[in-house]
>>> print(open('target.cif').read())   # mmCIF, C-alpha atoms and all ligand atoms
data_work
#
loop_
_atom_site.label_atom_id
_atom_site.label_comp_id
_atom_site.auth_asym_id
_atom_site.auth_seq_id
_atom_site.Cartn_x
_atom_site.Cartn_y
_atom_site.Cartn_z
CA MET A 448 -0.34 1.75 -21.75
CA LYS A 449 -2.44 3.65 -19.24
CA GLU A 450 -1.44 6.80 -17.40
CA LEU A 451 -2.78 8.51 -14.34
CA LEU A 452 -1.73 11.91 -13.07
CA VAL A 453 -1.64 12.37 -9.30
CA LYS A 454 -1.58 15.87 -7.82
CA ALA A 455 0.43 16.40 -4.65
CA LYS A 456 1.38 19.67 -2.99
CA GLU A 457 5.02 19.39 -4.06
CA ARG A 458 4.41 18.16 -7.58
CA GLU A 459 2.19 16.28 -9.99
CA TYR A 460 3.39 12.84 -10.93
CA LYS A 461 2.53 10.19 -13.46
CA VAL A 462 1.63 6.61 -12.76
CA VAL A 463 2.41 4.61 -15.89
CA ILE A 464 0.78 1.19 -16.23
CA GLU A 465 2.39 -0.91 -18.95
CA LYS A 466 2.57 -4.64 -19.66
CA ASP A 467 6.36 -4.73 -19.29
CA PHE A 468 9.37 -2.48 -18.62
CA SER A 469 9.75 -1.41 -22.26
CA LEU A 470 8.82 2.25 -21.66
CA LEU A 471 10.81 2.65 -18.44
CA SER A 472 13.76 4.56 -19.87
CA GLN A 473 11.54 6.92 -21.86
CA LYS A 474 9.34 7.66 -18.84
CA VAL A 475 12.32 8.21 -16.52
CA LYS A 476 13.85 10.60 -19.08
CA GLU A 477 10.65 12.68 -19.03
CA VAL A 478 11.21 13.59 -15.38
CA PHE A 479 14.87 13.13 -14.69
CA GLY A 480 18.39 13.35 -16.09
CA GLY A 481 20.86 12.63 -13.28
CA LYS A 482 22.51 9.48 -12.03
CA LEU A 483 20.35 6.83 -10.51
CA ALA A 484 20.55 4.58 -7.45
CA VAL A 485 18.48 1.50 -8.33
CA VAL A 486 17.41 -0.20 -5.12
CA TYR A 487 16.21 -3.83 -4.91
CA ASP A 488 15.62 -6.52 -2.35
CA GLU A 489 17.28 -9.86 -3.01
CA ASN A 490 14.20 -11.29 -4.71
CA THR A 491 13.49 -8.35 -6.98
CA HIS A 492 17.19 -8.10 -7.80
CA ALA A 493 17.25 -11.72 -8.98
CA LEU A 494 14.06 -11.22 -10.97
CA PHE A 495 14.43 -7.79 -12.55
CA SER A 496 17.95 -6.39 -12.36
CA ASN A 497 19.15 -7.74 -15.73
CA GLU A 498 16.21 -6.30 -17.59
CA ILE A 499 16.15 -2.98 -15.74
CA THR A 500 19.90 -2.46 -16.14
CA GLN A 501 19.53 -3.12 -19.85
CA ARG A 502 16.54 -0.78 -20.16
CA LEU A 503 18.33 2.01 -18.28
CA LYS A 504 21.60 1.77 -20.22
CA ASP A 505 21.43 5.48 -21.09
CA PHE A 506 21.72 6.34 -17.38
CA GLN A 507 24.64 6.07 -15.02
CA ILE A 508 23.23 3.59 -12.51
CA PHE A 509 24.39 2.35 -9.10
CA GLU A 510 22.76 -0.81 -7.74
CA ILE A 511 22.20 -1.64 -4.12
CA VAL A 512 20.44 -4.76 -2.78
CA PHE A 513 18.80 -5.24 0.64
CA PRO A 514 17.57 -8.44 2.28
CA ALA A 515 13.91 -9.24 1.50
CA GLY A 516 11.38 -8.66 4.26
CA GLU A 517 10.00 -6.13 6.71
CA ASN A 518 13.27 -5.98 8.73
CA THR A 519 14.81 -4.01 5.87
CA LYS A 520 12.53 -1.07 6.72
CA SER A 521 14.93 -0.04 9.51
CA LEU A 522 17.09 2.86 10.61
CA GLN A 523 20.11 0.69 9.74
CA SER A 524 18.99 0.34 6.11
CA TYR A 525 18.11 4.03 6.06
CA ALA A 526 21.66 4.93 7.15
CA LYS A 527 23.16 2.40 4.75
CA LEU A 528 21.32 3.82 1.76
CA LEU A 529 22.17 7.42 2.71
CA SER A 530 25.86 6.50 2.98
CA PHE A 531 25.66 4.67 -0.35
CA LEU A 532 24.41 7.87 -1.99
CA ALA A 533 27.04 10.02 -0.28
CA ASP A 534 29.89 7.57 -1.12
CA ASN A 535 28.84 7.69 -4.76
CA LYS A 536 28.74 11.49 -4.68
CA PHE A 537 25.02 11.82 -5.32
CA THR A 538 23.85 15.44 -5.44
CA ARG A 539 20.49 17.21 -5.53
CA GLY A 540 20.11 16.47 -9.24
CA ASP A 541 20.43 12.69 -8.80
CA GLY A 542 17.74 10.23 -7.82
CA ILE A 543 16.54 6.87 -6.54
CA LEU A 544 14.54 4.19 -8.33
CA ALA A 545 12.95 1.64 -5.99
CA VAL A 546 12.30 -1.77 -7.55
CA GLY A 547 10.32 -3.90 -5.14
CA GLY A 548 7.36 -4.08 -2.82
CA GLY A 549 6.25 -1.70 -0.11
CA VAL A 550 9.33 -2.37 1.99
CA ILE A 551 11.80 -1.12 -0.62
CA GLY A 552 9.37 1.65 -1.66
CA ASP A 553 8.85 3.02 1.86
CA LEU A 554 12.57 2.89 2.62
CA CYS A 555 13.62 4.57 -0.64
CA GLY A 556 10.92 7.21 -0.40
CA PHE A 557 12.06 8.20 3.07
CA VAL A 558 15.72 8.29 2.05
CA ALA A 559 14.84 10.40 -1.01
CA SER A 560 12.83 12.79 1.16
CA SER A 561 15.79 13.51 3.40
CA TYR A 562 19.03 13.02 1.46
CA MET A 563 20.24 16.59 0.80
CA ARG A 564 16.74 17.70 1.88
CA GLY A 565 15.09 15.87 -0.98
CA ILE A 566 16.11 14.18 -4.23
CA CYS A 567 14.09 12.65 -7.04
CA TYR A 568 12.22 9.48 -6.05
CA MET A 569 10.80 7.04 -8.60
CA SER A 570 9.41 3.56 -8.10
CA CYS A 571 8.57 0.35 -9.89
CA PRO A 572 6.22 -1.39 -7.47
CA THR A 573 6.57 -5.14 -8.03
CA THR A 574 3.98 -6.49 -5.59
CA LEU A 575 0.26 -6.09 -6.18
CA LEU A 576 -0.11 -4.54 -2.71
CA SER A 577 2.60 -1.95 -3.23
CA CYS A 578 1.19 -1.14 -6.65
CA VAL A 579 -2.40 -0.52 -5.55
CA ASP A 580 -1.62 0.90 -2.14
CA SER A 581 1.80 2.24 -1.18
CA SER A 582 2.96 3.49 -4.59
CA ILE A 583 0.81 6.64 -4.44
CA GLY A 584 -0.13 8.95 -1.60
CA GLY A 585 3.36 10.00 -0.56
CA LYS A 586 3.66 8.14 2.74
CA THR A 587 7.22 6.98 3.35
CA ALA A 588 8.64 5.45 6.51
CA VAL A 589 10.93 3.05 8.31
CA ASN A 590 10.13 1.11 11.47
CA LEU A 591 11.66 1.59 14.91
CA PRO A 592 12.14 -1.30 17.35
CA GLU A 593 9.24 0.36 19.23
CA GLY A 594 6.80 0.12 16.36
CA LYS A 595 5.99 0.15 12.67
CA ASN A 596 6.30 3.28 10.49
CA LEU A 597 7.23 5.46 13.47
CA VAL A 598 9.61 7.64 11.49
CA GLY A 599 8.88 8.90 8.04
CA ALA A 600 7.72 11.76 5.86
CA PHE A 601 5.15 12.71 3.28
CA TYR A 602 7.12 12.81 0.05
CA ALA A 603 5.65 12.59 -3.43
CA PRO A 604 7.41 10.45 -6.03
CA SER A 605 8.27 11.90 -9.43
CA LEU A 606 7.23 8.75 -11.30
CA VAL A 607 5.53 5.44 -10.59
CA TYR A 608 6.09 2.84 -13.30
CA VAL A 609 4.00 -0.31 -13.07
CA SER A 610 5.03 -3.29 -15.19
CA LEU A 611 2.07 -5.66 -14.98
CA SER A 612 4.16 -8.65 -16.01
CA ALA A 613 6.23 -8.18 -12.84
CA PHE A 614 3.31 -9.68 -10.91
CA ASP A 615 3.61 -12.98 -12.81
CA SER A 616 6.29 -14.19 -10.41
CA LEU A 617 4.33 -13.36 -7.25
CA PRO A 618 3.31 -16.31 -5.08
CA GLU A 619 -0.42 -16.79 -4.47
CA ARG A 620 -0.13 -15.34 -0.96
CA GLU A 621 1.13 -12.00 -2.34
CA ILE A 622 -1.63 -11.88 -4.97
CA GLU A 623 -4.21 -12.51 -2.27
CA CYS A 624 -2.54 -9.81 -0.18
CA GLY A 625 -3.05 -7.22 -2.91
CA MET A 626 -6.59 -8.48 -3.56
CA GLY A 627 -7.50 -7.68 0.06
CA GLU A 628 -6.82 -4.00 -0.58
CA ILE A 629 -8.46 -4.12 -4.02
CA VAL A 630 -11.70 -5.51 -2.57
CA LYS A 631 -11.48 -2.79 0.10
CA TYR A 632 -11.55 -0.18 -2.69
CA ALA A 633 -14.79 -1.74 -3.98
CA PHE A 634 -16.43 -0.86 -0.66
CA LEU A 635 -15.16 2.73 -0.88
CA ASP A 636 -16.23 3.52 -4.41
CA GLY A 637 -18.77 2.06 -6.82
CA SER A 638 -16.40 2.26 -9.78
CA MET A 639 -14.97 -1.13 -8.72
CA THR A 640 -17.61 -3.85 -8.80
CA ALA A 641 -17.90 -7.52 -7.85
CA SER A 642 -17.81 -8.46 -11.52
CA ASP A 643 -14.57 -6.49 -12.00
CA ILE A 644 -13.08 -8.51 -9.16
CA LYS A 645 -14.40 -11.84 -10.45
CA ASN A 646 -13.21 -10.95 -13.91
CA GLY A 647 -9.71 -10.47 -12.50
CA ASP A 648 -8.23 -8.37 -15.30
CA ARG A 649 -5.06 -7.04 -13.65
CA GLU A 650 -4.78 -3.84 -15.64
CA ASP A 651 -8.39 -2.97 -14.93
CA LEU A 652 -8.11 -3.75 -11.20
CA VAL A 653 -4.86 -1.79 -10.84
CA LEU A 654 -6.17 1.22 -12.73
CA LYS A 655 -9.48 1.31 -10.85
CA SER A 656 -7.76 0.89 -7.48
CA LEU A 657 -5.30 3.67 -8.20
CA LYS A 658 -8.07 6.00 -9.37
CA ILE A 659 -9.97 5.41 -6.13
CA LYS A 660 -6.90 5.90 -3.95
CA LYS A 661 -5.90 8.98 -5.98
CA LYS A 662 -9.26 10.60 -5.27
CA VAL A 663 -8.93 10.02 -1.53
CA VAL A 664 -5.30 11.13 -1.17
CA GLU A 665 -5.76 14.20 -3.35
CA ASN A 666 -8.59 15.32 -1.06
CA ASP A 667 -6.58 14.66 2.09
CA GLU A 668 -2.89 14.48 1.25
CA PHE A 669 -1.68 14.80 4.83
CA ASP A 670 -4.10 12.34 6.45
CA ARG A 671 -6.23 14.74 8.45
CA GLY A 672 -9.67 13.40 7.57
CA GLU A 673 -10.98 11.53 4.55
CA ARG A 674 -7.89 9.37 4.20
CA ALA A 675 -8.99 7.49 7.32
CA LYS A 676 -11.52 5.71 5.09
CA LEU A 677 -8.62 3.75 3.62
CA ASN A 678 -8.39 2.02 6.99
CA LEU A 679 -11.56 0.03 6.30
CA GLY A 680 -10.98 -3.45 7.74
CA HIS A 681 -7.61 -2.47 9.15
CA THR A 682 -8.32 -2.09 12.87
CA VAL A 683 -9.63 -5.65 13.16
CA GLY A 684 -7.25 -6.75 10.40
CA HIS A 685 -4.16 -5.55 12.26
CA ALA A 686 -5.35 -7.34 15.40
CA VAL A 687 -5.76 -10.62 13.48
CA GLU A 688 -2.43 -10.10 11.70
CA SER A 689 -0.66 -9.65 15.00
CA LEU A 690 -2.50 -12.52 16.78
CA SER A 691 -1.56 -14.84 13.90
CA SER A 692 2.08 -13.77 14.32
CA TYR A 693 1.98 -12.60 10.71
CA ALA A 694 1.13 -16.08 9.40
CA TYR A 695 -1.58 -14.47 7.25
CA SER A 696 -0.78 -11.78 4.72
CA HIS A 697 -1.77 -8.20 5.49
CA GLY A 698 -4.37 -8.08 2.73
CA LEU A 699 -6.00 -11.35 3.80
CA CYS A 700 -6.27 -9.92 7.34
CA VAL A 701 -7.87 -6.79 5.89
CA ALA A 702 -10.46 -9.01 4.16
CA LYS A 703 -11.11 -10.86 7.43
CA GLY A 704 -11.39 -7.47 9.11
CA ILE A 705 -13.93 -6.26 6.53
CA ASP A 706 -15.98 -9.41 7.15
CA LYS A 707 -16.17 -8.52 10.85
CA ILE A 708 -16.93 -4.88 10.01
CA ILE A 709 -19.85 -6.04 7.84
CA ASP A 710 -21.34 -7.70 10.97
CA ILE A 711 -20.67 -4.67 13.12
CA SER A 712 -22.01 -2.21 10.53
CA CYS A 713 -25.24 -4.19 10.09
CA LYS A 714 -25.80 -4.19 13.86
CA TYR A 715 -24.89 -0.51 14.16
CA TYR A 716 -27.19 0.67 11.36
CA GLY A 717 -29.88 -1.94 12.12
CA TYR A 718 -29.75 -3.62 8.69
CA ASN A 719 -31.50 -6.86 7.80
CA ASP A 720 -29.98 -10.02 6.32
CA ASP A 721 -30.52 -8.84 2.73
CA LYS A 722 -28.21 -5.90 3.20
CA LYS A 723 -25.68 -8.08 4.95
CA GLY A 724 -25.89 -10.55 2.06
CA GLU A 725 -25.20 -7.75 -0.40
CA PHE A 726 -22.07 -6.66 1.49
CA SER A 727 -20.86 -10.25 1.93
CA ALA A 728 -21.37 -11.01 -1.75
CA LEU A 729 -19.03 -8.16 -2.65
CA LEU A 730 -16.38 -9.35 -0.19
CA ASN A 731 -16.75 -12.91 -1.46
CA SER A 732 -16.17 -11.87 -5.06
CA TYR A 733 -12.61 -12.99 -4.30
CA LYS A 734 -11.97 -16.40 -2.75
CA PHE A 735 -10.71 -15.34 0.70
CA ASP A 736 -10.77 -17.66 3.69
CA LEU A 737 -12.62 -15.28 5.99
CA ASP A 738 -12.53 -17.49 9.06
CA ILE A 739 -11.07 -15.83 12.17
CA GLU A 740 -9.89 -18.39 14.70
CA PHE A 741 -9.28 -15.88 17.49
CA SER A 742 -11.85 -15.07 20.14
CA THR A 743 -13.68 -11.76 20.36
CA GLU A 744 -11.87 -11.13 23.66
CA GLU A 745 -8.45 -11.63 22.07
CA ILE A 746 -9.31 -9.28 19.21
CA LEU A 747 -10.79 -6.61 21.47
CA GLU A 748 -7.76 -6.79 23.73
CA LYS A 749 -5.47 -6.17 20.75
CA ILE A 750 -7.62 -3.31 19.46
CA THR A 751 -7.81 -1.51 22.76
CA VAL A 752 -4.04 -1.60 23.30
CA ASP A 753 -3.60 -0.19 19.80
CA LYS A 754 -1.99 3.26 19.81
CA LYS A 755 -5.14 4.83 18.48
CA ALA A 756 -7.08 3.60 21.50
CA GLU A 757 -5.68 5.84 24.22
CA THR A 758 -8.83 7.88 24.60
CA GLY A 759 -11.15 5.00 25.56
CA ALA A 760 -12.64 5.02 22.08
CA VAL A 761 -11.65 3.68 18.68
CA ASN A 762 -12.33 5.07 15.23
CA LEU A 763 -13.83 2.33 13.12
CA VAL A 764 -14.65 2.64 9.43
CA LEU A 765 -18.21 1.33 9.07
CA ILE A 766 -20.05 0.37 5.89
CA LYS A 767 -23.21 2.42 5.62
CA ASP A 768 -23.58 1.18 2.10
CA ILE A 769 -21.42 0.07 -0.79
CA ALA A 770 -19.49 3.19 -1.86
CA ASN A 771 -20.54 4.92 1.35
CA VAL A 772 -18.31 4.22 4.34
CA GLU A 773 -17.98 6.45 7.37
CA VAL A 774 -15.54 6.83 10.21
CA VAL A 775 -17.35 6.39 13.51
CA LYS A 776 -15.77 7.00 16.89
CA LEU A 777 -16.96 4.25 19.21
CA PRO A 778 -16.30 3.98 22.94
CA PHE A 779 -14.87 0.59 23.98
CA GLU A 780 -18.11 -0.37 25.73
CA ARG A 781 -20.10 0.17 22.54
CA ILE A 782 -17.59 -1.82 20.49
CA LYS A 783 -17.95 -4.74 22.91
CA GLU A 784 -21.72 -4.72 22.36
CA LEU A 785 -21.34 -4.67 18.59
CA PHE A 786 -18.71 -7.42 18.34
N1 LIG A 801 3.45 3.92 2.16
C1 LIG A 801 2.23 3.46 2.18
O1 LIG A 801 1.26 4.16 1.93
C2 LIG A 801 2.03 2.00 2.46
C3 LIG A 801 0.79 1.41 2.22
C4 LIG A 801 0.66 0.04 2.43
C5 LIG A 801 1.74 -0.70 2.86
N2 LIG A 801 2.93 -0.09 3.10
C6 LIG A 801 4.09 -0.85 3.57
O2 LIG A 801 4.41 -1.80 2.57
C7 LIG A 801 5.09 -2.89 3.18
C8 LIG A 801 4.51 -4.17 2.63
O3 LIG A 801 4.67 -4.18 1.24
P1 LIG A 801 4.69 -5.54 0.42
O4 LIG A 801 3.52 -6.36 0.81
O5 LIG A 801 4.90 -5.20 -0.99
O6 LIG A 801 5.93 -6.32 1.06
P2 LIG A 801 7.42 -6.58 0.56
O7 LIG A 801 8.03 -5.40 -0.02
O8 LIG A 801 8.11 -7.22 1.72
O9 LIG A 801 7.22 -7.69 -0.57
C9 LIG A 801 6.69 -8.95 -0.23
C10 LIG A 801 7.57 -10.09 -0.74
O10 LIG A 801 7.43 -10.20 -2.15
C11 LIG A 801 8.72 -10.25 -2.77
N3 LIG A 801 8.53 -9.72 -4.12
C12 LIG A 801 8.42 -8.42 -4.49
N4 LIG A 801 8.13 -8.35 -5.80
C13 LIG A 801 8.08 -9.62 -6.26
C14 LIG A 801 7.78 -10.19 -7.52
N5 LIG A 801 7.44 -9.43 -8.57
N6 LIG A 801 7.80 -11.54 -7.65
C15 LIG A 801 8.08 -12.32 -6.57
N7 LIG A 801 8.34 -11.84 -5.34
C16 LIG A 801 8.34 -10.49 -5.20
C17 LIG A 801 9.59 -9.45 -1.86
O11 LIG A 801 10.94 -9.76 -2.05
C18 LIG A 801 9.07 -9.87 -0.49
O12 LIG A 801 9.63 -11.09 -0.14
C19 LIG A 801 4.89 -2.74 4.68
O13 LIG A 801 6.08 -2.32 5.26
C20 LIG A 801 3.84 -1.66 4.80
O14 LIG A 801 3.98 -0.88 5.97
C21 LIG A 801 3.09 1.24 2.89
ZN ZN A 802 -3.47 -2.11 4.25
#
>>> encode(input="target.cif", output="structure tokens")
Amino acid sequence: MKELLVKAKEREYKVVIEKDFSLLSQKVKEVFGGKLAVVYDENTHALFSNEITQRLKDFQIFEIVFPAGENTKSLQSYAKLLSFLADNKFTRGDGILAVGGGVIGDLCGFVASSYMRGICYMSCPTTLLSCVDSSIGGKTAVNLPEGKNLVGAFYAPSLVYVSLSAFDSLPEREIECGMGEIVKYAFLDGSMTASDIKNGDREDLVLKSLKIKKKVVENDEFDRGERAKLNLGHTVGHAVESLSSYAYSHGLCVAKGIDKIIDISCKYYGYNDDKKGEFSALLNSYKFDLDIEFSTEEILEKITVDKKAETGAVNLVLIKDIANVEVVKLPFERIKELF
């Protein structure tokens, strides 16, 4: 078992990394004693509800299951979960345990932040992406028809419990999705290396990723500066994700985006092929298909209509060196030259 303590303004919380769910009840008891809404999507319910119900037999639990997929991160689900809590007479001393990926986590976190002005929120992230990315940092949200994550709150969990064996049922696409973010962390901080990635030890990759993200979010909890570094690969990645109509996973698109950013960074800083080779070798420490089949024009078009692009310039995270990225504001004309 490994533990990490994350400091947020509201509270400090533990991230527990264990091979299975055997310590769940004990860890929940350390932070909480009320009744518990355990929230799943259909897939995580089928996979984990028997075991989790058994493990949490000392608690009064209420299960609710949402459809799997991004559409569940909606105002309708938000209202449904709030009503579920109210119908079951949940009070300030009760709490929510999210069992699922980032969709269930973001939804539950936002509900917990606002039901009775804030109740206890705990999560068991069951996708690699949600484990290494959304489980810490306190960002919660649902989508509006007008756009993703448009309504939400910063709200720190009280516990994050990672059962590494939960990832055994993930399809390859979801593993690759998480690996995209993990490789991103290797560009942000030297504590994650190409050999760590090649080695592929899940506990090691999860722990190192969370330590890197912890450092960034503790320095900039409310996303006013340093946290922007976490967007490495994301501006191009989001464009590719959207152009592919979400055929590629988010993390794979981030990896494709980093590949493009390696090109752009080497032009911007005037690096030679050796430096580029060094950056590419790190990215290729996982077997991503980095090919982007969309034209530069299509990608630029997407980027410049992005909401962050209203000022005629875009903030891009560039790779000055491994473990040294910087946010650079580039006017559209300059971006066109670099692409
Ligand atoms: N809050 C943040 O800081 C933050 C950061 C990154 C992403 N996000 C959000 O996270 C969401 C994406 O998260 P995600 O990729 O986990 O998607 P997801 O929650 O939709 O999960 C992906 C799929 O995997 C299935 N699944 C979950 N656990 C499984 C398991 N153990 N075995 C088999 N299948 C399993 C789910 O049912 C779903 O079909 C997006 O909405 C994104 O905006 C939030
Ligand atoms: Zn991402």
>>> axis_aligned_box(input="target.cif", around="ligand LIG 801 (chain A)", padding_each_side="3 Å", output="JSON")
{"center_x": 5.8, "center_y": -4.1, "center_z": -1.3, "size_x": 16.3, "size_y": 22.5, "size_z": 20.5}
>>> residues_near_ligand(input="target.cif", ligand="ligand ZN 802 (chain A)", cutoff="8 Å", atoms="only C-alpha atoms and all ligand atoms", output="list in words")
Asp580, Glu628, Leu677, Asn678, His681, His697, Gly698 and Val701 of chain A
>>> closest_residue(input="target.cif", among="A:Asn762, A:Ser742, A:Thr500, A:Thr491", to="Ser472 in chain A", atoms="only C-alpha atoms")
A:Thr500
>>> residues_near_ligand(input="target.cif", ligand="ligand LIG 801 (chain A)", cutoff="6 Å", atoms="all atoms listed in the file", output="MDAnalysis selection string")
chainID A and resid 488 490:491 515:517 547:551 553 573:574 576:577 580:581 586:587 613:614 616:617
>>> write_last_selection(input="target.cif", atoms="C-alpha atoms", output="PDB file, in the frame of the given file")
ATOM      1  CA  ASP A 488      15.620  -6.520  -2.350  1.00  0.00           C
ATOM      2  CA  ASN A 490      14.200 -11.290  -4.710  1.00  0.00           C
ATOM      3  CA  THR A 491      13.490  -8.350  -6.980  1.00  0.00           C
ATOM      4  CA  ALA A 515      13.910  -9.240   1.500  1.00  0.00           C
ATOM      5  CA  GLY A 516      11.380  -8.660   4.260  1.00  0.00           C
ATOM      6  CA  GLU A 517      10.000  -6.130   6.710  1.00  0.00           C
ATOM      7  CA  GLY A 547      10.320  -3.900  -5.140  1.00  0.00           C
ATOM      8  CA  GLY A 548       7.360  -4.080  -2.820  1.00  0.00           C
ATOM      9  CA  GLY A 549       6.250  -1.700  -0.110  1.00  0.00           C
ATOM     10  CA  VAL A 550       9.330  -2.370   1.990  1.00  0.00           C
ATOM     11  CA  ILE A 551      11.800  -1.120  -0.620  1.00  0.00           C
ATOM     12  CA  ASP A 553       8.850   3.020   1.860  1.00  0.00           C
ATOM     13  CA  THR A 573       6.570  -5.140  -8.030  1.00  0.00           C
ATOM     14  CA  THR A 574       3.980  -6.490  -5.590  1.00  0.00           C
ATOM     15  CA  LEU A 576      -0.110  -4.540  -2.710  1.00  0.00           C
ATOM     16  CA  SER A 577       2.600  -1.950  -3.230  1.00  0.00           C
ATOM     17  CA  ASP A 580      -1.620   0.900  -2.140  1.00  0.00           C
ATOM     18  CA  SER A 581       1.800   2.240  -1.180  1.00  0.00           C
ATOM     19  CA  LYS A 586       3.660   8.140   2.740  1.00  0.00           C
ATOM     20  CA  THR A 587       7.220   6.980   3.350  1.00  0.00           C
ATOM     21  CA  ALA A 613       6.230  -8.180 -12.840  1.00  0.00           C
ATOM     22  CA  PHE A 614       3.310  -9.680 -10.910  1.00  0.00           C
ATOM     23  CA  SER A 616       6.290 -14.190 -10.410  1.00  0.00           C
ATOM     24  CA  LEU A 617       4.330 -13.360  -7.250  1.00  0.00           C
TER      25      LEU A 617
END
>>> closest_residue(input="target.cif", among="A:Glu688, A:Leu606, A:Ala455, A:Tyr568", to="Gln473 in chain A", atoms="only C-alpha atoms")
A:Leu606
>>> atom_distance(input="target.cif", atom1="CA of Ala559 in chain A", atom2="CA of Gly625 in chain A")
25.2 Å
>>> atom_distance(input="target.cif", atom1="CA of Asp636 in chain A", atom2="CA of Ile769 in chain A")
7.2 Å
>>> atom_distance(input="target.cif", atom1="CA of Lys776 in chain A", atom2="CA of Phe726 in chain A")
21.5 Å
>>> closest_residue(input="target.cif", among="A:Leu529, A:Val485, A:Val607, A:Met639", to="Ile508 in chain A", atoms="all atoms listed in the file")
A:Val485
>>> build_atoms(input="target.cif", residues="range 608-621 of chain A", atoms="N, CA, C and O atoms", output="compact mmCIF listing (two decimals), in the coordinates of the input")
# COMPACT_ATOMS: atom_id res chain seq x y z
N TYR A 608 6.17 3.63 -12.06
CA TYR A 608 6.09 2.84 -13.30
C TYR A 608 5.69 1.41 -12.93
O TYR A 608 6.44 0.69 -12.27
N VAL A 609 4.50 1.03 -13.36
CA VAL A 609 4.00 -0.31 -13.07
C VAL A 609 4.18 -1.19 -14.30
O VAL A 609 3.63 -0.89 -15.36
N SER A 610 4.96 -2.27 -14.14
CA SER A 610 5.03 -3.29 -15.19
C SER A 610 4.16 -4.45 -14.74
O SER A 610 4.48 -5.16 -13.78
N LEU A 611 3.03 -4.64 -15.44
CA LEU A 611 2.07 -5.66 -14.98
C LEU A 611 2.66 -7.06 -15.01
O LEU A 611 2.32 -7.90 -14.17
N SER A 612 3.59 -7.30 -15.93
CA SER A 612 4.16 -8.65 -16.01
C SER A 612 5.02 -8.97 -14.78
O SER A 612 5.29 -10.14 -14.49
N ALA A 613 5.44 -7.93 -14.05
CA ALA A 613 6.23 -8.18 -12.84
C ALA A 613 5.45 -9.02 -11.84
O ALA A 613 6.03 -9.77 -11.05
N PHE A 614 4.11 -8.94 -11.90
CA PHE A 614 3.31 -9.68 -10.91
C PHE A 614 3.24 -11.18 -11.22
O PHE A 614 2.77 -11.95 -10.41
N ASP A 615 3.70 -11.57 -12.43
CA ASP A 615 3.61 -12.98 -12.81
C ASP A 615 4.41 -13.89 -11.87
O ASP A 615 4.09 -15.06 -11.72
N SER A 616 5.46 -13.34 -11.28
CA SER A 616 6.29 -14.19 -10.41
C SER A 616 5.82 -14.19 -8.96
O SER A 616 6.43 -14.84 -8.11
N LEU A 617 4.78 -13.44 -8.65
CA LEU A 617 4.33 -13.36 -7.25
C LEU A 617 3.68 -14.67 -6.80
O LEU A 617 2.85 -15.23 -7.53
N PRO A 618 4.02 -15.13 -5.60
CA PRO A 618 3.31 -16.31 -5.08
C PRO A 618 1.86 -15.96 -4.76
O PRO A 618 1.51 -14.78 -4.58
N GLU A 619 1.01 -16.97 -4.69
CA GLU A 619 -0.42 -16.79 -4.47
C GLU A 619 -0.70 -15.91 -3.23
O GLU A 619 -1.60 -15.07 -3.23
N ARG A 620 0.08 -16.11 -2.19
CA ARG A 620 -0.13 -15.34 -0.96
C ARG A 620 -0.02 -13.83 -1.22
O ARG A 620 -0.77 -13.03 -0.67
N GLU A 621 0.93 -13.43 -2.07
CA GLU A 621 1.13 -12.00 -2.34
C GLU A 621 0.03 -11.45 -3.26
O GLU A 621 -0.32 -10.28 -3.17
